[in-house]
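Notes for the one structure printed next.
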Amino acid sequence: MTTAKVTVTAQDWDEQRTDEIDAERAIANARWSTVWTGDIEGTSTCHLLIAYTGGNPAQPESLVGPYAGYEVVRARIAGRTGTFVLSETGAHSGAVARTEVAIVADSGTAELAGITGTGNYAATAQQYELTLDYQLS
């Protein structure tokens with residue numbers, strides 16, 4: 001396995017509450033795009049389903065709840081280009097989004113076909129550091 005350190009910078013954020021129980025509890029869909037720099041260069045589009053269990057929507061840093069989703073990554077890794085999909089699970093609390101990621105089996109395309117790996121990040125802002133342990137076939 002090779003360990004990549006990536007700076008991920010969000011470019012936009014679109015979140016819609018799709019089912020509200022009350023002011024603190026709701027289900028939301030979020031979609032955003034990012035730019036990746038560092039050991040992996042590229043862009044991505046992330047889609048999350050979020051279950052808010054607490055916090056004030058007017059103060060996003062106060063929100064609490066688990067989430068899961070997928071991220072389509074268009075990247076250049078070690079001189080090879082292609083796409084792959086990350087599966088993501090995590091939770092937001094204490095103003096930090098802690099996330100575990102795994103490359104979805106058989107999602108790699110072009111020169112990234114067969115890529116595997118896992119990683120994680122702890123985001124406190126729209127820019128965060130991702131660590132991804134990967135293997136190219």
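Naming works like this for the structure tokens: A, B, ... for the chains as they're shown, residue 1 at the start of each chain, ligands 1 onward in shown order.
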
Near region 110-127 of chain A, counting only C-alpha atoms, which residues have an atom at most 9 Å away, once you skip same-chain residues fewer than 2 positions from it, shown as a VMD selection string?
-> chain A and resid 1 3 7 to 12 61 75 to 77 80 to 84 86 88 95 to 108 129 to 137

Counting only C-alpha atoms, what is within 10 Å of Leu63 (chain A), bar same-chain residues fewer than 5 positions away, as JSON, numbers by chain?
-> {"A": [24, 25, 52, 53, 54, 55, 56, 57, 58, 91, 92, 93, 94, 95, 96, 97]}

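The neighbours of Ile50 (chain A) here are the residues that come within 8 Å of it, using only C-alpha atoms and leaving out any residue fewer than 5 positions away in the same chain; they are A:Ile27, A:Ala28, A:Asn29, A:Ala30, A:Gly65, A:Pro66, A:Tyr67, A:Ala68.
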
Taking C-alpha atoms for each residue, export the selection above as a PDB file, in the first residue's frame.
```pdb
ATOM      1  CA  ILE A  27     -32.796  14.010   7.133  1.00  0.00           C
ATOM      2  CA  ALA A  28     -30.812  15.983   4.560  1.00  0.00           C
ATOM      3  CA  ASN A  29     -29.154  15.384   1.203  1.00  0.00           C
ATOM      4  CA  ALA A  30     -25.886  17.215   0.547  1.00  0.00           C
ATOM      5  CA  GLY A  65     -25.429  13.384  13.394  1.00  0.00           C
ATOM      6  CA  PRO A  66     -24.211  10.484  11.280  1.00  0.00           C
ATOM      7  CA  TYR A  67     -23.919  10.438   7.497  1.00  0.00           C
ATOM      8  CA  ALA A  68     -23.126   8.081   4.644  1.00  0.00           C
TER       9      ALA A  68
END
```

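Atom pair CA of Thr45 (chain A) / CA of Ser62 (chain A) has a distance of 24.4 Å (rounded to one decimal).
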
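Here the question is which of A:Asp39, A:His47, A:Thr34, A:Glu20 gets nearest to Glu71 (chain A) using only C-alpha atoms, and that residue is A:His47.
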
Which of these residues is nearest to Thr18 (chain A), using only C-alpha atoms: A:Ala78, A:Val72, A:Ala51, A:Ile40?
-> A:Ala51

Which one of A:Thr43, A:Thr109, A:Thr37, A:Gln59 sits closest to Tyr128 (chain A) if you count only C-alpha atoms?
-> A:Thr37

Can you check which residues of chain A DSSP gives as strand (DSSP E or B) on the backbone and send them as an MDAnalysis selection string?
-> chainID A and resid 2:10 14:20 26:38 40:52 54 64:77 80:93 96:103 116:123 127:135

Take the residues from that selection and put them in a file with C-alpha atoms, as a CSV table (one decimal), in the first residue's frame.
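Listing of out.csv after writing:
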```csv
chain,number,residue,atom,x,y,z
A,2,THR,CA,1.0,3.6,-0.7
A,3,THR,CA,-0.1,6.4,1.6
A,4,ALA,CA,-1.3,9.6,-0.1
A,5,LYS,CA,-1.8,12.9,1.7
A,6,VAL,CA,-4.3,15.1,-0.1
A,7,THR,CA,-5.6,18.6,0.6
A,8,VAL,CA,-9.3,18.6,-0.3
A,9,THR,CA,-10.9,22.0,-0.9
A,10,ALA,CA,-14.7,22.3,-1.2
A,14,ASP,CA,-25.8,22.4,-1.7
A,15,GLU,CA,-27.8,20.8,1.1
A,16,GLN,CA,-31.6,20.2,1.3
A,17,ARG,CA,-33.5,19.0,4.3
A,18,THR,CA,-35.8,16.4,2.8
A,19,ASP,CA,-37.7,15.4,6.0
A,20,GLU,CA,-37.8,17.4,9.2
A,26,ALA,CA,-34.0,16.0,10.1
A,27,ILE,CA,-32.8,14.0,7.1
A,28,ALA,CA,-30.8,16.0,4.6
A,29,ASN,CA,-29.2,15.4,1.2
A,30,ALA,CA,-25.9,17.2,0.5
A,31,ARG,CA,-23.9,17.5,-2.7
A,32,TRP,CA,-20.6,19.4,-3.2
A,33,SER,CA,-17.6,19.5,-5.4
A,34,THR,CA,-14.0,19.6,-4.4
A,35,VAL,CA,-10.5,20.1,-5.7
A,36,TRP,CA,-7.8,17.6,-4.7
A,37,THR,CA,-4.1,18.7,-4.4
A,38,GLY,CA,-1.0,16.9,-3.1
A,40,ILE,CA,-3.4,12.9,-5.6
A,41,GLU,CA,-4.5,15.7,-8.0
A,42,GLY,CA,-8.1,16.0,-9.3
A,43,THR,CA,-11.7,16.9,-8.6
A,44,SER,CA,-14.6,15.1,-7.0
A,45,THR,CA,-18.3,15.3,-6.5
A,46,CYS,CA,-19.7,14.0,-3.1
A,47,HIS,CA,-23.2,12.9,-2.3
A,48,LEU,CA,-24.2,12.4,1.4
A,49,LEU,CA,-27.3,11.4,3.2
A,50,ILE,CA,-27.3,13.0,6.7
A,51,ALA,CA,-29.4,12.2,9.8
A,52,TYR,CA,-29.3,15.3,12.0
A,54,GLY,CA,-29.1,17.8,17.3
A,64,VAL,CA,-24.7,16.6,15.3
A,65,GLY,CA,-25.4,13.4,13.4
A,66,PRO,CA,-24.2,10.5,11.3
A,67,TYR,CA,-23.9,10.4,7.5
A,68,ALA,CA,-23.1,8.1,4.6
A,69,GLY,CA,-22.6,8.5,0.9
A,70,TYR,CA,-20.4,8.3,-2.1
A,71,GLU,CA,-17.8,10.5,-3.8
A,72,VAL,CA,-16.9,10.3,-7.5
A,73,VAL,CA,-13.2,11.1,-7.8
A,74,ARG,CA,-11.5,12.2,-11.2
A,75,ALA,CA,-7.8,11.9,-10.5
A,76,ARG,CA,-4.2,11.6,-11.4
A,77,ILE,CA,-2.3,9.3,-9.1
A,80,ARG,CA,-2.0,7.5,-14.0
A,81,THR,CA,-5.4,9.0,-14.7
A,82,GLY,CA,-9.0,7.8,-14.3
A,83,THR,CA,-11.9,7.8,-11.9
A,84,PHE,CA,-13.0,5.8,-8.8
A,85,VAL,CA,-15.7,6.0,-6.2
A,86,LEU,CA,-15.2,6.4,-2.4
A,87,SER,CA,-17.8,5.1,0.0
A,88,GLU,CA,-18.0,7.4,3.0
A,89,THR,CA,-19.4,7.0,6.6
A,90,GLY,CA,-19.0,9.3,9.5
A,91,ALA,CA,-20.5,11.6,12.1
A,92,HIS,CA,-20.5,15.3,12.8
A,93,SER,CA,-20.1,16.5,16.4
A,96,VAL,CA,-15.8,18.2,13.4
A,97,ALA,CA,-16.8,15.8,10.6
A,98,ARG,CA,-14.9,12.6,11.1
A,99,THR,CA,-15.1,10.3,8.1
A,100,GLU,CA,-13.9,6.9,7.1
A,101,VAL,CA,-13.6,6.2,3.3
A,102,ALA,CA,-13.1,3.1,1.2
A,103,ILE,CA,-12.6,2.8,-2.5
A,116,THR,CA,-8.2,-0.4,-3.9
A,117,GLY,CA,-7.8,1.4,-0.6
A,118,THR,CA,-9.1,3.0,2.6
A,119,GLY,CA,-8.6,6.3,4.4
A,120,ASN,CA,-10.0,9.0,6.7
A,121,TYR,CA,-10.3,12.7,7.4
A,122,ALA,CA,-11.4,15.0,10.1
A,123,ALA,CA,-12.9,18.2,8.6
A,127,GLN,CA,-10.5,22.6,3.4
A,128,TYR,CA,-9.2,19.4,5.1
A,129,GLU,CA,-6.5,16.8,4.9
A,130,LEU,CA,-7.4,13.3,3.6
A,131,THR,CA,-5.1,10.3,4.2
A,132,LEU,CA,-5.7,7.5,1.7
A,133,ASP,CA,-3.8,4.2,1.7
A,134,TYR,CA,-4.2,2.8,-1.8
A,135,GLN,CA,-2.9,0.1,-4.1
```
